[in-house]
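Student: Pasting a structure below so you can have a look.
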Amino acid sequence: MKKPFGGIVLDTAFRIIVPFTLIYGVYVLIFGEAGPGGGFQAGALLSIGVVLSRLIMGDHASFNISVKNSLVLAGVGTFIYAATGWLAMLNGGNFLDYSYLPFKAEHTNELHALGILFIEIGVTICVMMTIINILDAVVERGDENGSAK
Amino acid sequence: MRGLVTVLLAVITGMFCSFVTYLPFIGDVNSAPNQHVTPVYIERSVQDTGSPNIVTGLLADYRGFDTMWETTVMFLAGLTVVMLLSSSTMGRRPEKEDEDA
């Protein structure tokens, strides 16, 4: 993506929208346990923040994540989910049985809430990086075709 | 052979259409899932999972294994798109490159 996106109005507007989108994404992730929201939605919001900053600034965006890094991070997100399950398993419970997570808590439902937060962080990272991945792949393909002509 | 397949499809479709009427209605109190699973989830989800949102408790805790593979499917979809689209050798045709050179 070489040339900037839109005119000066869109650029300035998106510059203001991006930080709010990112903050709202984190809010949806944290608040997902208590209200509507959760990992998938938070991942979509966070990725929209990155996509917008890429649309405005092109390759010079400060949130730029290369294809390789985003692919690895998508795998890491999936791994965080599975690792939470294995953590419970190593501590003597069943797979993804959050009561056996090795943390101190008064009630088991606090451990469950912690486990839900862990796996939602994993889901968020996976969804965010997957969407950035797909954008990157499409953009790269378009640039290649453009340079070939 | 083709006639047989058509008849078979017609019979299966007819069976499907007639048996659908035996399914419980949506929101039927006496249906099997509404009598065993749903009340347990509604009553116990807060003290079991510690999350005030029943949907999150269901998705992330009771059905955590399902959600894990859902995430894996997302990851695999992104991986497949990247492998298909961003490989530099696959998209171009060798004849075209020769013409350019």
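Chains: A, B, ... in order of the structure tokens. Residues: from 1 per chain. Ligands: from 1, in order shown.
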Give one line per residue of chain A that approaches chain B to at most 8 Å, naming the two atoms of the closest pair and their distance in Å to one decimal, counting only C-alpha atoms; sort by chain then ascending residue number and deliver it as CSV.

Tutor:
residue,atom,partner,partner_atom,distance
A:Gly32,CA,B:Thr56,CA,7.2
A:Glu33,CA,B:Ser51,CA,5.4
A:Ala34,CA,B:Asn53,CA,5.0
A:Gly35,CA,B:Asn53,CA,5.8
A:Pro36,CA,B:Asn53,CA,7.7
A:Gly38,CA,B:Thr56,CA,7.3
A:Leu71,CA,B:Leu79,CA,7.1
A:Ala74,CA,B:Phe75,CA,6.2
A:Gly75,CA,B:Phe75,CA,6.8
A:Thr78,CA,B:Thr72,CA,6.2
A:Tyr81,CA,B:Met68,CA,6.6
A:Ala82,CA,B:Met68,CA,7.1
A:Leu96,CA,B:Gly64,CA,6.8
A:Asp97,CA,B:Asp61,CA,8.0
A:Tyr98,CA,B:Asp61,CA,7.9
A:Thr108,CA,B:Asp48,CA,7.6
A:Asn109,CA,B:Gly50,CA,4.4
A:Glu110,CA,B:Gly50,CA,5.7
A:Leu111,CA,B:Gly50,CA,8.0
A:His112,CA,B:Thr49,CA,5.1
A:Ala113,CA,B:Gly50,CA,5.2
A:Ile116,CA,B:Ala60,CA,5.8
A:Ile119,CA,B:Ala60,CA,7.5
A:Glu120,CA,B:Ala60,CA,7.8
A:Val123,CA,B:Thr71,CA,6.2
A:Cys126,CA,B:Phe75,CA,6.4
A:Val127,CA,B:Met74,CA,6.8
A:Thr130,CA,B:Gly78,CA,5.0
A:Ile131,CA,B:Gly78,CA,7.2
A:Asn133,CA,B:Gly78,CA,6.3
A:Ile134,CA,B:Gly78,CA,6.0
A:Ala137,CA,B:Ser86,CA,5.1
A:Val138,CA,B:Leu85,CA,6.6
A:Glu140,CA,B:Ser86,CA,6.4
A:Arg141,CA,B:Ser86,CA,6.0

Student: Filtering to C-alpha atoms, could you give me those residues as a PDB file, in the first residue's frame?

Tutor:
ATOM      1  CA  GLY A  32     -16.770  -9.228  27.835  1.00  0.00           C
ATOM      2  CA  GLU A  33     -17.129 -11.284  30.989  1.00  0.00           C
ATOM      3  CA  ALA A  34     -19.786  -9.016  32.433  1.00  0.00           C
ATOM      4  CA  GLY A  35     -21.630  -7.744  29.383  1.00  0.00           C
ATOM      5  CA  PRO A  36     -21.927  -8.160  25.667  1.00  0.00           C
ATOM      6  CA  GLY A  38     -15.726 -11.022  24.204  1.00  0.00           C
ATOM      7  CA  LEU A  71       1.066 -14.903  11.248  1.00  0.00           C
ATOM      8  CA  ALA A  74      -2.046 -15.456  15.340  1.00  0.00           C
ATOM      9  CA  GLY A  75      -0.513 -18.817  16.180  1.00  0.00           C
ATOM     10  CA  THR A  78      -4.272 -19.893  19.569  1.00  0.00           C
ATOM     11  CA  TYR A  81      -5.835 -20.685  24.591  1.00  0.00           C
ATOM     12  CA  ALA A  82      -4.465 -24.214  24.484  1.00  0.00           C
ATOM     13  CA  LEU A  96      -9.584 -26.418  30.286  1.00  0.00           C
ATOM     14  CA  ASP A  97     -10.864 -27.037  33.820  1.00  0.00           C
ATOM     15  CA  TYR A  98     -10.106 -23.595  35.209  1.00  0.00           C
ATOM     16  CA  THR A 108     -13.023 -21.485  42.416  1.00  0.00           C
ATOM     17  CA  ASN A 109     -15.224 -19.154  40.401  1.00  0.00           C
ATOM     18  CA  GLU A 110     -12.544 -16.466  40.631  1.00  0.00           C
ATOM     19  CA  LEU A 111     -10.147 -18.918  39.013  1.00  0.00           C
ATOM     20  CA  HIS A 112     -12.769 -19.582  36.367  1.00  0.00           C
ATOM     21  CA  ALA A 113     -13.058 -15.857  35.670  1.00  0.00           C
ATOM     22  CA  ILE A 116     -11.944 -17.008  30.858  1.00  0.00           C
ATOM     23  CA  ILE A 119      -8.551 -17.593  26.798  1.00  0.00           C
ATOM     24  CA  GLU A 120     -10.284 -14.422  25.649  1.00  0.00           C
ATOM     25  CA  VAL A 123      -8.878 -15.400  21.057  1.00  0.00           C
ATOM     26  CA  CYS A 126      -5.717 -14.675  17.111  1.00  0.00           C
ATOM     27  CA  VAL A 127      -8.680 -12.855  15.540  1.00  0.00           C
ATOM     28  CA  THR A 130      -5.833 -13.085  11.345  1.00  0.00           C
ATOM     29  CA  ILE A 131      -7.713 -10.052  10.045  1.00  0.00           C
ATOM     30  CA  ASN A 133      -2.992 -11.111   7.900  1.00  0.00           C
ATOM     31  CA  ILE A 134      -5.787 -11.240   5.354  1.00  0.00           C
ATOM     32  CA  ALA A 137      -2.037 -10.687   1.891  1.00  0.00           C
ATOM     33  CA  VAL A 138      -4.597  -8.906  -0.275  1.00  0.00           C
ATOM     34  CA  GLU A 140       0.630  -7.428  -1.140  1.00  0.00           C
ATOM     35  CA  ARG A 141      -1.064  -9.214  -4.010  1.00  0.00           C
TER      36      ARG A 141
END

Student: Run DSSP on the backbone and give me the residues of chain B it puts in alpha helix (DSSP H), as a ChimeraX atom specification.

Tutor: /B:2-20,32-35,37-49,54-57,64-85,88-91,94-100

Student: May I ask for the distance between atom CA of A:Asp11 and atom CA of A:Gly58, given in Å to one decimal place?

Tutor: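 Separation of atom CA of A:Asp11 and atom CA of A:Gly58: 11.5 Å.
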
Student: Which residues come within 7 Å of A:Gly39, counting only C-alpha atoms, excluding same-chain residues fewer than 2 positions away, as a compact mmCIF listing (two decimals) with C-alpha atoms, in the first residue's frame?

Tutor:
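The resulting file, part_15.txt, is shown below:
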# COMPACT_ATOMS: atom_id res chain seq x y z
CA LEU A 29 -12.20 -7.59 25.82
CA GLN A 41 -15.47 -8.83 18.92
CA ALA A 42 -12.48 -7.29 20.69
CA GLY A 43 -10.15 -8.81 18.11
CA GLU A 120 -10.28 -14.42 25.65
CA ILE A 121 -6.92 -12.69 25.39
CA VAL A 123 -8.88 -15.40 21.06
CA THR A 124 -8.44 -11.64 20.72
